[in-house]
Amino acid sequence: MRVGVITFPGTLDDRDAQRAVRLAGHEPVALWHGEHDLHGVDALVLPGGFSYGDYLRCGAIAARSPIMTEVVDAAERGMPVLGICNGFQMLTEARLLPGGLVRNQTGVFVRRDQVLRVERTSTDWTNRFAEGQEIVIPLKNGEGRFVATPDEVARIEGEGLVVFRYVGDDPNGSVDAIAGLANAKGNVVGLMPHPEHAVELGFGPTTTRMKAGLDGLDIFKSALERIAA
Ligand SMILES: NC(=O)CC[C@H](N)C(=O)O
């Protein structure tokens, strides 16, 4: 299967995301923010980084890139779309996911291996997990605090849109410890931690508690298996 990984000016983790796709057994396709062409891919990854230097708000300028017209169309038609960190910020800025991400409550950039609880498995990117399963995925962000209006939070919780929650200390101060969300259909998923950094022995989290740091690979395999089915 072919998975498009979009590079924006300031994207940092596109190569890592391409490698994760390859390790999951599929073909990464490099896509460029300035094009209006998805090159016939079957799924999309919006990787992490500092698009446009985080000016205005993280992901706000990238969300208005030419390629985002096609990303929104494809997402609305049901194509699996994964937004990682800066990519999650873009998905909220493009209104494909509700709420927004603002500066961490502590005001400092956080980097750590983070335990997450998988709350929803009926998405294209989490169908290999068990509900309630705890996984470890590296986190690295300055603006990862998920916020939404009380009405939006009630809808998000009521419709079961939360996919991942932080376990233990909430590193960002997110409402309801939300680390990742999906749309109602479950094809669009965004999360702040970086699954592409937990796909290879020796390079991911050093925990032995949870499959030796390979939890990220299951996220990439989930969508690809669904497409293949
Ligand atoms: N790792 C990332 O993608 C970082 C996203 C964003 N630049 C932030 O600091 O919050």
# chains A, B, ... in the order shown; residues from 1 in each chain; ligands from 1
call {"tool": "residues_around", "arguments": {"residues": "Phe146 (chain A)", "least_positions_apart": "4", "cutoff": "6 Å", "atoms": "only C-alpha atoms", "output": "PyMOL selection string"}}
result
chain A and resi 100-101+174-175
call {"tool": "write_last_selection", "arguments": {"atoms": "N, CA and C atoms", "output": "compact mmCIF listing (two decimals), in the first residue's frame"}}
result
# COMPACT_ATOMS: atom_id res chain seq x y z
N GLY A 100 -8.18 22.55 20.05
CA GLY A 100 -6.93 23.15 19.59
C GLY A 100 -5.81 22.82 20.55
N LEU A 101 -4.58 23.16 20.16
CA LEU A 101 -3.41 22.86 20.99
C LEU A 101 -2.66 24.15 21.27
N SER A 174 -3.39 19.11 29.45
CA SER A 174 -4.53 18.99 28.53
C SER A 174 -5.83 18.71 29.28
N VAL A 175 -6.92 19.23 28.74
CA VAL A 175 -8.22 18.94 29.33
C VAL A 175 -8.47 17.43 29.27
call {"tool": "residues_near_ligand", "arguments": {"ligand": "ligand 1", "cutoff": "6 Å", "atoms": "only C-alpha atoms and all ligand atoms", "output": "list in words"}}
result
Gly48, Gly49, Phe50, Asp54, Cys58, Cys85, Asn86, Lys140, Asn141, Gly142, Glu143 and Gly144 of chain A
call {"tool": "select_by_dssp", "arguments": {"residues": "region 152-197 of chain A", "states": "helix (DSSP H, G or I)", "output": "mmCIF file with N, CA and C atoms, in the first residue's frame"}}
result
data_model
loop_
_atom_site.group_PDB
_atom_site.id
_atom_site.type_symbol
_atom_site.label_atom_id
_atom_site.label_comp_id
_atom_site.auth_asym_id
_atom_site.auth_seq_id
_atom_site.Cartn_x
_atom_site.Cartn_y
_atom_site.Cartn_z
ATOM 1 N N GLU A 152 -17.650 21.693 23.547
ATOM 2 C CA GLU A 152 -16.875 20.803 22.670
ATOM 3 C C GLU A 152 -16.360 19.596 23.452
ATOM 4 N N VAL A 153 -15.885 19.853 24.682
ATOM 5 C CA VAL A 153 -15.366 18.746 25.497
ATOM 6 C C VAL A 153 -16.491 17.750 25.766
ATOM 7 N N ALA A 154 -17.685 18.265 26.068
ATOM 8 C CA ALA A 154 -18.818 17.368 26.334
ATOM 9 C C ALA A 154 -19.130 16.538 25.092
ATOM 10 N N ARG A 155 -19.050 17.152 23.916
ATOM 11 C CA ARG A 155 -19.320 16.412 22.673
ATOM 12 C C ARG A 155 -18.215 15.375 22.409
ATOM 13 N N ILE A 156 -16.963 15.801 22.593
ATOM 14 C CA ILE A 156 -15.816 14.898 22.367
ATOM 15 C C ILE A 156 -15.940 13.664 23.263
ATOM 16 N N GLU A 157 -16.236 13.899 24.528
ATOM 17 C CA GLU A 157 -16.350 12.768 25.470
ATOM 18 C C GLU A 157 -17.622 11.969 25.181
ATOM 19 N N GLY A 158 -18.716 12.683 24.899
ATOM 20 C CA GLY A 158 -20.004 12.021 24.662
ATOM 21 C C GLY A 158 -19.979 11.135 23.429
ATOM 22 N N VAL A 175 -6.924 19.226 28.742
ATOM 23 C CA VAL A 175 -8.222 18.944 29.335
ATOM 24 C C VAL A 175 -8.473 17.434 29.273
ATOM 25 N N ASP A 176 -8.952 16.873 30.379
ATOM 26 C CA ASP A 176 -9.251 15.437 30.490
ATOM 27 C C ASP A 176 -8.057 14.555 30.099
ATOM 28 N N ALA A 177 -6.831 15.088 30.218
ATOM 29 C CA ALA A 177 -5.603 14.333 29.880
ATOM 30 C C ALA A 177 -5.646 13.787 28.451
ATOM 31 N N PRO A 195 4.544 8.312 17.381
ATOM 32 C CA PRO A 195 4.667 6.858 17.171
ATOM 33 C C PRO A 195 5.798 6.478 16.220
ATOM 34 N N GLU A 196 6.201 7.394 15.335
ATOM 35 C CA GLU A 196 7.276 7.049 14.382
ATOM 36 C C GLU A 196 8.625 6.912 15.078
ATOM 37 N N HIS A 197 8.690 7.313 16.369
ATOM 38 C CA HIS A 197 9.933 7.138 17.116
ATOM 39 C C HIS A 197 9.897 5.885 17.998
#
call {"tool": "residues_around", "arguments": {"residues": "Trp125 (chain A)", "least_positions_apart": "6", "cutoff": "10 Å", "atoms": "only C-alpha atoms", "output": "compact mmCIF listing (two decimals) with C-alpha atoms, in the first residue's frame"}}
result
# COMPACT_ATOMS: atom_id res chain seq x y z
CA PRO A 80 -7.00 7.18 6.75
CA VAL A 81 -5.15 10.34 7.89
CA LEU A 82 -2.72 10.43 10.83
CA VAL A 163 -8.34 7.87 21.32
CA ALA A 182 -10.29 10.84 16.16
CA GLY A 186 -12.35 6.99 12.94
CA ASN A 187 -10.34 7.53 9.76
CA VAL A 188 -8.72 10.79 10.96
CA VAL A 189 -6.56 10.49 14.09
CA GLY A 190 -4.27 13.08 15.66
CA ASP A 218 1.22 -0.98 15.60
CA ILE A 219 -0.23 2.45 14.82
CA PHE A 220 1.28 2.40 11.32
CA LYS A 221 0.31 -1.24 10.78
CA SER A 222 -3.31 -0.64 11.84
CA ALA A 223 -4.25 1.58 8.93
CA LEU A 224 -2.31 -0.40 6.44
CA GLU A 225 -3.99 -3.65 7.39
CA ARG A 226 -7.40 -2.02 7.11
call {"tool": "atom_distance", "arguments": {"atom1": "CA of Gln18 (chain A)", "atom2": "CA of Thr92 (chain A)"}}
result
22.5 Å
call {"tool": "decode", "arguments": {"residues": "region 140-188 of chain A", "atoms": "N, CA and C atoms", "output": "tab-separated table (two decimals), in the first residue's frame"}}
result
chain	number	residue	atom	x	y	z
A	140	LYS	N	7.40	15.02	22.55
A	140	LYS	CA	8.34	16.16	22.48
A	140	LYS	C	7.59	17.34	21.89
A	141	ASN	N	7.16	18.24	22.73
A	141	ASN	CA	6.42	19.40	22.22
A	141	ASN	C	6.45	20.56	23.21
A	142	GLY	N	6.18	21.73	22.66
A	142	GLY	CA	6.05	22.93	23.49
A	142	GLY	C	4.61	23.38	23.59
A	143	GLU	N	3.80	22.95	22.60
A	143	GLU	CA	2.41	23.42	22.56
A	143	GLU	C	1.48	22.23	22.39
A	144	GLY	N	1.46	21.40	23.42
A	144	GLY	CA	0.69	20.16	23.33
A	144	GLY	C	-0.51	20.11	24.25
A	145	ARG	N	-0.85	21.27	24.80
A	145	ARG	CA	-1.97	21.30	25.75
A	145	ARG	C	-3.28	21.37	24.97
A	146	PHE	N	-4.03	20.27	25.04
A	146	PHE	CA	-5.29	20.22	24.30
A	146	PHE	C	-6.34	21.04	25.05
A	147	VAL	N	-6.99	21.94	24.31
A	147	VAL	CA	-8.06	22.77	24.89
A	147	VAL	C	-9.28	22.73	23.98
A	148	ALA	N	-10.45	22.93	24.58
A	148	ALA	CA	-11.70	23.02	23.83
A	148	ALA	C	-12.71	23.70	24.75
A	149	THR	N	-13.78	24.22	24.18
A	149	THR	CA	-14.82	24.83	25.01
A	149	THR	C	-15.53	23.72	25.79
A	150	PRO	N	-16.18	24.07	26.90
A	150	PRO	CA	-16.89	23.04	27.66
A	150	PRO	C	-17.89	22.26	26.80
A	151	ASP	N	-18.57	22.94	25.88
A	151	ASP	CA	-19.52	22.24	25.00
A	151	ASP	C	-18.80	21.25	24.09
A	152	GLU	N	-17.65	21.69	23.55
A	152	GLU	CA	-16.88	20.80	22.67
A	152	GLU	C	-16.36	19.60	23.45
A	153	VAL	N	-15.88	19.85	24.68
A	153	VAL	CA	-15.37	18.75	25.50
A	153	VAL	C	-16.49	17.75	25.77
A	154	ALA	N	-17.68	18.26	26.07
A	154	ALA	CA	-18.82	17.37	26.33
A	154	ALA	C	-19.13	16.54	25.09
A	155	ARG	N	-19.05	17.15	23.92
A	155	ARG	CA	-19.32	16.41	22.67
A	155	ARG	C	-18.21	15.37	22.41
A	156	ILE	N	-16.96	15.80	22.59
A	156	ILE	CA	-15.82	14.90	22.37
A	156	ILE	C	-15.94	13.66	23.26
A	157	GLU	N	-16.24	13.90	24.53
A	157	GLU	CA	-16.35	12.77	25.47
A	157	GLU	C	-17.62	11.97	25.18
A	158	GLY	N	-18.72	12.68	24.90
A	158	GLY	CA	-20.00	12.02	24.66
A	158	GLY	C	-19.98	11.13	23.43
A	159	GLU	N	-19.27	11.59	22.40
A	159	GLU	CA	-19.22	10.81	21.15
A	159	GLU	C	-18.04	9.83	21.15
A	160	GLY	N	-17.30	9.79	22.24
A	160	GLY	CA	-16.18	8.83	22.33
A	160	GLY	C	-15.08	9.12	21.33
A	161	LEU	N	-14.75	10.40	21.15
A	161	LEU	CA	-13.72	10.75	20.16
A	161	LEU	C	-12.30	10.65	20.72
A	162	VAL	N	-12.18	10.50	22.05
A	162	VAL	CA	-10.83	10.43	22.63
A	162	VAL	C	-10.21	9.08	22.30
A	163	VAL	N	-9.03	9.11	21.72
A	163	VAL	CA	-8.34	7.87	21.32
A	163	VAL	C	-7.23	7.52	22.32
A	164	PHE	N	-6.49	8.53	22.76
A	164	PHE	CA	-5.40	8.30	23.71
A	164	PHE	C	-5.50	9.31	24.86
A	165	ARG	N	-5.21	8.82	26.09
A	165	ARG	CA	-5.10	9.72	27.24
A	165	ARG	C	-3.76	9.50	27.90
A	166	TYR	N	-3.20	10.59	28.46
A	166	TYR	CA	-1.96	10.48	29.22
A	166	TYR	C	-2.21	9.69	30.49
A	167	VAL	N	-1.27	8.81	30.84
A	167	VAL	CA	-1.33	8.07	32.10
A	167	VAL	C	-0.29	8.71	33.02
A	168	GLY	N	-0.66	8.91	34.30
A	168	GLY	CA	0.26	9.58	35.23
A	168	GLY	C	0.14	11.08	35.05
A	169	ASP	N	1.22	11.80	35.31
A	169	ASP	CA	1.23	13.26	35.16
A	169	ASP	C	0.88	13.64	33.73
A	170	ASP	N	-0.06	14.55	33.58
A	170	ASP	CA	-0.37	15.07	32.25
A	170	ASP	C	0.76	16.04	31.87
A	171	PRO	N	1.54	15.71	30.83
A	171	PRO	CA	2.74	16.51	30.54
A	171	PRO	C	2.45	17.92	30.03
A	172	ASN	N	1.24	18.13	29.50
A	172	ASN	CA	0.92	19.41	28.86
A	172	ASN	C	-0.14	20.22	29.61
A	173	GLY	N	-0.89	19.55	30.49
A	173	GLY	CA	-2.03	20.21	31.13
A	173	GLY	C	-3.27	20.16	30.27
A	174	SER	N	-3.39	19.11	29.45
A	174	SER	CA	-4.53	18.99	28.53
A	174	SER	C	-5.83	18.71	29.28
A	175	VAL	N	-6.92	19.23	28.74
A	175	VAL	CA	-8.22	18.94	29.33
A	175	VAL	C	-8.47	17.43	29.27
A	176	ASP	N	-8.95	16.87	30.38
A	176	ASP	CA	-9.25	15.44	30.49
A	176	ASP	C	-8.06	14.56	30.10
A	177	ALA	N	-6.83	15.09	30.22
A	177	ALA	CA	-5.60	14.33	29.88
A	177	ALA	C	-5.65	13.79	28.45
A	178	ILE	N	-6.25	14.56	27.55
A	178	ILE	CA	-6.40	14.09	26.16
A	178	ILE	C	-5.05	14.20	25.43
A	179	ALA	N	-4.60	13.06	24.90
A	179	ALA	CA	-3.35	13.02	24.13
A	179	ALA	C	-3.60	12.82	22.65
A	180	GLY	N	-4.79	12.32	22.30
A	180	GLY	CA	-5.10	12.08	20.89
A	180	GLY	C	-6.59	11.90	20.68
A	181	LEU	N	-7.02	12.25	19.49
A	181	LEU	CA	-8.45	12.28	19.14
A	181	LEU	C	-8.67	11.68	17.76
A	182	ALA	N	-9.92	11.26	17.52
A	182	ALA	CA	-10.29	10.84	16.16
A	182	ALA	C	-11.57	11.58	15.77
A	183	ASN	N	-11.88	11.56	14.49
A	183	ASN	CA	-13.20	12.04	14.07
A	183	ASN	C	-14.21	10.91	14.32
A	184	ALA	N	-15.47	11.19	14.08
A	184	ALA	CA	-16.51	10.19	14.40
A	184	ALA	C	-16.31	8.91	13.59
A	185	LYS	N	-15.94	9.05	12.30
A	185	LYS	CA	-15.73	7.87	11.44
A	185	LYS	C	-14.53	7.04	11.87
A	186	GLY	N	-13.55	7.71	12.48
A	186	GLY	CA	-12.35	6.99	12.94
A	186	GLY	C	-11.25	6.90	11.89
A	187	ASN	N	-11.42	7.57	10.76
A	187	ASN	CA	-10.34	7.53	9.76
A	187	ASN	C	-9.28	8.61	10.02
A	188	VAL	N	-9.68	9.71	10.67
A	188	VAL	CA	-8.72	10.79	10.96
A	188	VAL	C	-8.35	10.72	12.44
